[in-house]
Amino acid sequence: MPGIGLLNEKPLHASLKAWYSQPGDQLEVALDGFVIDIVRNDQLLEIQTGNFSSIKPKLTKLLGSHQVRLIYPIAQEKWIIKLAKEEGQISHRRKSPKRGRMEDVFREMVSLPLLASHLNFSLEVLLIKEEEVRRHHDKRRWRRRGWCTEERRLLEVVDQRLFATSADWLGFLPQGLELFTTQDLAEAATMRRDLAQKMVYFLRKASLIELMGKRGRANLYRVSGA
């Protein structure tokens, strides 16, 4: 009989769990009303391939009495596979022009800014290469012209980075950026303005940067206590 929580496990989640686990780890452990992906000594390791808002209640409860590390993959490189109507046949495979970067984690961390300073919380970001498998559904033409993501598959882990302290998070700020607006950050870090805005929102809510005033109509920030 499959272990706890394995019946609905997706390929990407299963592959990351296998890649990350070490000898002596316990997998799929029931604890405090939840199923934990990996238990390593006194630390709980949770792999999250979806949005962070859905795992926030679980993290909030577990962090009260456990050390928890959240593991999150970002697709640096993605191949999109479209399946033909014939079962299992590939009709098309192409490389997505989009490339993920470490900073993309802020698109999700805006849901968890207050956890960044929690002594029991840490986050590990994995940059990966993946395949995204899509299947056509006639009744869902309103979305991607009927093509829906069926599963994601791990091809390779190319980099990993741990965030456990304030300094880890502030390491995203480019050197020499003392007083800055979101536009300054976007230009210095060569990122989209909307991503810079999410990064600033997170850092401010986590009390890692502070509002200093205005430059014209734009808010002006600096590292807290600098």
# chains A, B, ... in the order shown; residues from 1 in each chain; ligands from 1

$ residues_around --residues "Gly50 in chain A" --least-positions-apart "6" --cutoff "10 Å" --atoms "only C-alpha atoms" --output "count of residues only"
4

$ residues_around --residues "range 43-49 of chain A" --least-positions-apart "4" --cutoff "7 Å" --atoms "only C-alpha atoms" --output "PyMOL selection string"
chain A and resi 13+36-39+66-73

$ select_by_dssp --residues "range 50-195 of chain A" --states "helix (DSSP H, G or I)" --output "PyMOL selection string"
chain A and resi 52-54+56-62+102-109+113-115+138-140+144-146+166-170+182-188+193-195

$ residues_around --residues "Lys78 in chain A" --least-positions-apart "2" --cutoff "10 Å" --atoms "only C-alpha atoms" --output "MDAnalysis selection string"
chainID A and resid 74:76 80:81 94:100 128:132 152:155

$ atom_distance --atom1 "CA of Arg135 in chain A" --atom2 "CA of Glu9 in chain A"
18.4 Å

$ residues_around --residues "Cys148 in chain A" --least-positions-apart "6" --cutoff "9 Å" --atoms "only C-alpha atoms" --output "PyMOL selection string"
chain A and resi 133-137+140

$ write_last_selection --atoms "N, CA and C atoms" --output "PDB file, in the first residue's frame"
ATOM      1  N   VAL A 133       4.378  19.114 -18.875  1.00  0.00           N
ATOM      2  CA  VAL A 133       3.558  18.322 -19.779  1.00  0.00           C
ATOM      3  C   VAL A 133       2.146  18.891 -19.824  1.00  0.00           C
ATOM      4  N   ARG A 134       1.691  19.191 -21.036  1.00  0.00           N
ATOM      5  CA  ARG A 134       0.352  19.754 -21.223  1.00  0.00           C
ATOM      6  C   ARG A 134      -0.503  18.829 -22.079  1.00  0.00           C
ATOM      7  N   ARG A 135      -1.773  18.783 -21.729  1.00  0.00           N
ATOM      8  CA  ARG A 135      -2.736  17.986 -22.489  1.00  0.00           C
ATOM      9  C   ARG A 135      -3.910  18.872 -22.885  1.00  0.00           C
ATOM     10  N   HIS A 136      -4.464  18.633 -24.054  1.00  0.00           N
ATOM     11  CA  HIS A 136      -5.564  19.460 -24.547  1.00  0.00           C
ATOM     12  C   HIS A 136      -6.905  18.954 -24.022  1.00  0.00           C
ATOM     13  N   HIS A 137      -7.706  19.906 -23.524  1.00  0.00           N
ATOM     14  CA  HIS A 137      -9.056  19.597 -23.046  1.00  0.00           C
ATOM     15  C   HIS A 137     -10.031  20.506 -23.787  1.00  0.00           C
ATOM     16  N   ARG A 140     -11.913  23.324 -22.048  1.00  0.00           N
ATOM     17  CA  ARG A 140     -11.154  24.370 -21.351  1.00  0.00           C
ATOM     18  C   ARG A 140     -10.443  25.266 -22.352  1.00  0.00           C
TER      19      ARG A 140
END

$ atom_distance --atom1 "CA of Ala206 in chain A" --atom2 "CA of Phe34 in chain A"
26.6 Å

$ residues_around --residues "Leu115 in chain A" --least-positions-apart "4" --cutoff "10 Å" --atoms "only C-alpha atoms" --output "MDAnalysis selection string"
chainID A and resid 56 59:60 63 109 111 119:123 206

$ residues_around --residues "Leu27 in chain A" --least-positions-apart "2" --cutoff "12 Å" --atoms "only C-alpha atoms" --output "compact mmCIF listing (two decimals) with C-alpha atoms, in the first residue's frame"
# COMPACT_ATOMS: atom_id res chain seq x y z
CA PRO A 2 1.41 3.46 -0.87
CA GLY A 3 2.76 5.55 1.99
CA ILE A 4 0.88 8.44 3.55
CA GLY A 5 0.33 11.25 1.04
CA LEU A 6 1.80 9.38 -1.93
CA ALA A 14 8.45 12.98 -5.92
CA LYS A 17 12.06 14.47 -2.55
CA ALA A 18 14.23 11.65 -3.90
CA TYR A 20 16.95 15.93 -1.57
CA SER A 21 16.64 13.00 0.84
CA GLN A 22 19.67 11.49 2.57
CA PRO A 23 20.33 8.15 4.31
CA GLY A 24 18.60 8.12 7.67
CA ASP A 25 15.80 10.49 6.63
CA VAL A 29 5.79 11.17 8.44
CA ALA A 30 2.48 11.95 10.19
CA LEU A 31 3.08 14.74 12.73
CA VAL A 35 2.14 14.75 6.66
CA ILE A 36 5.79 15.86 6.52
CA ASP A 37 7.76 15.18 3.35
CA ILE A 38 11.11 14.55 5.05
CA VAL A 39 12.10 14.41 8.72
CA ARG A 40 15.86 14.78 9.24
CA ASN A 41 16.86 14.54 12.89
CA LEU A 44 11.16 19.06 9.10
CA LEU A 45 11.69 19.49 5.34
CA GLU A 46 8.71 20.50 3.23
CA ILE A 47 8.84 20.58 -0.57

$ closest_residue --among "A:Ser166, A:Lys82, A:Glu151, A:Asp42" --to "Ser65 in chain A" --atoms "only C-alpha atoms"
A:Asp42

$ atom_distance --atom1 "CA of Asp104 in chain A" --atom2 "CA of Ala226 in chain A"
25.7 Å

$ closest_residue --among "A:Glu124, A:Glu77, A:Glu28, A:Asp194" --to "Leu162 in chain A" --atoms "only C-alpha atoms"
A:Glu124

$ closest_residue --among "A:Ala196, A:Lys10, A:Met102, A:Ala167" --to "Leu126 in chain A" --atoms "only C-alpha atoms"
A:Met102

$ residues_around --residues "Gln183 in chain A" --least-positions-apart "3" --cutoff "7 Å" --atoms "only C-alpha atoms" --output "number ranges by chain"
A: 186-187, 193

$ write_last_selection --atoms "N, CA and C atoms" --output "tab-separated table (two decimals), in the first residue's frame"
chain	number	residue	atom	x	y	z
A	186	ALA	N	15.06	47.77	-9.65
A	186	ALA	CA	14.81	47.05	-10.89
A	186	ALA	C	15.96	47.25	-11.88
A	187	GLU	N	16.44	48.47	-11.98
A	187	GLU	CA	17.52	48.77	-12.92
A	187	GLU	C	18.85	48.17	-12.45
A	193	ARG	N	10.07	45.52	-13.16
A	193	ARG	CA	9.62	46.43	-12.11
A	193	ARG	C	8.65	45.73	-11.16

$ closest_residue --among "A:Leu83, A:Leu220, A:Leu16, A:Val105" --to "Asn51 in chain A" --atoms "only C-alpha atoms"
A:Val105

$ closest_residue --among "A:Thr149, A:Ala84, A:Gly33, A:Ser53" --to "Val110 in chain A" --atoms "only C-alpha atoms"
A:Ser53

$ closest_residue --among "A:Leu170, A:Met199, A:Val157, A:Leu112" --to "Ile55 in chain A" --atoms "only C-alpha atoms"
A:Leu112
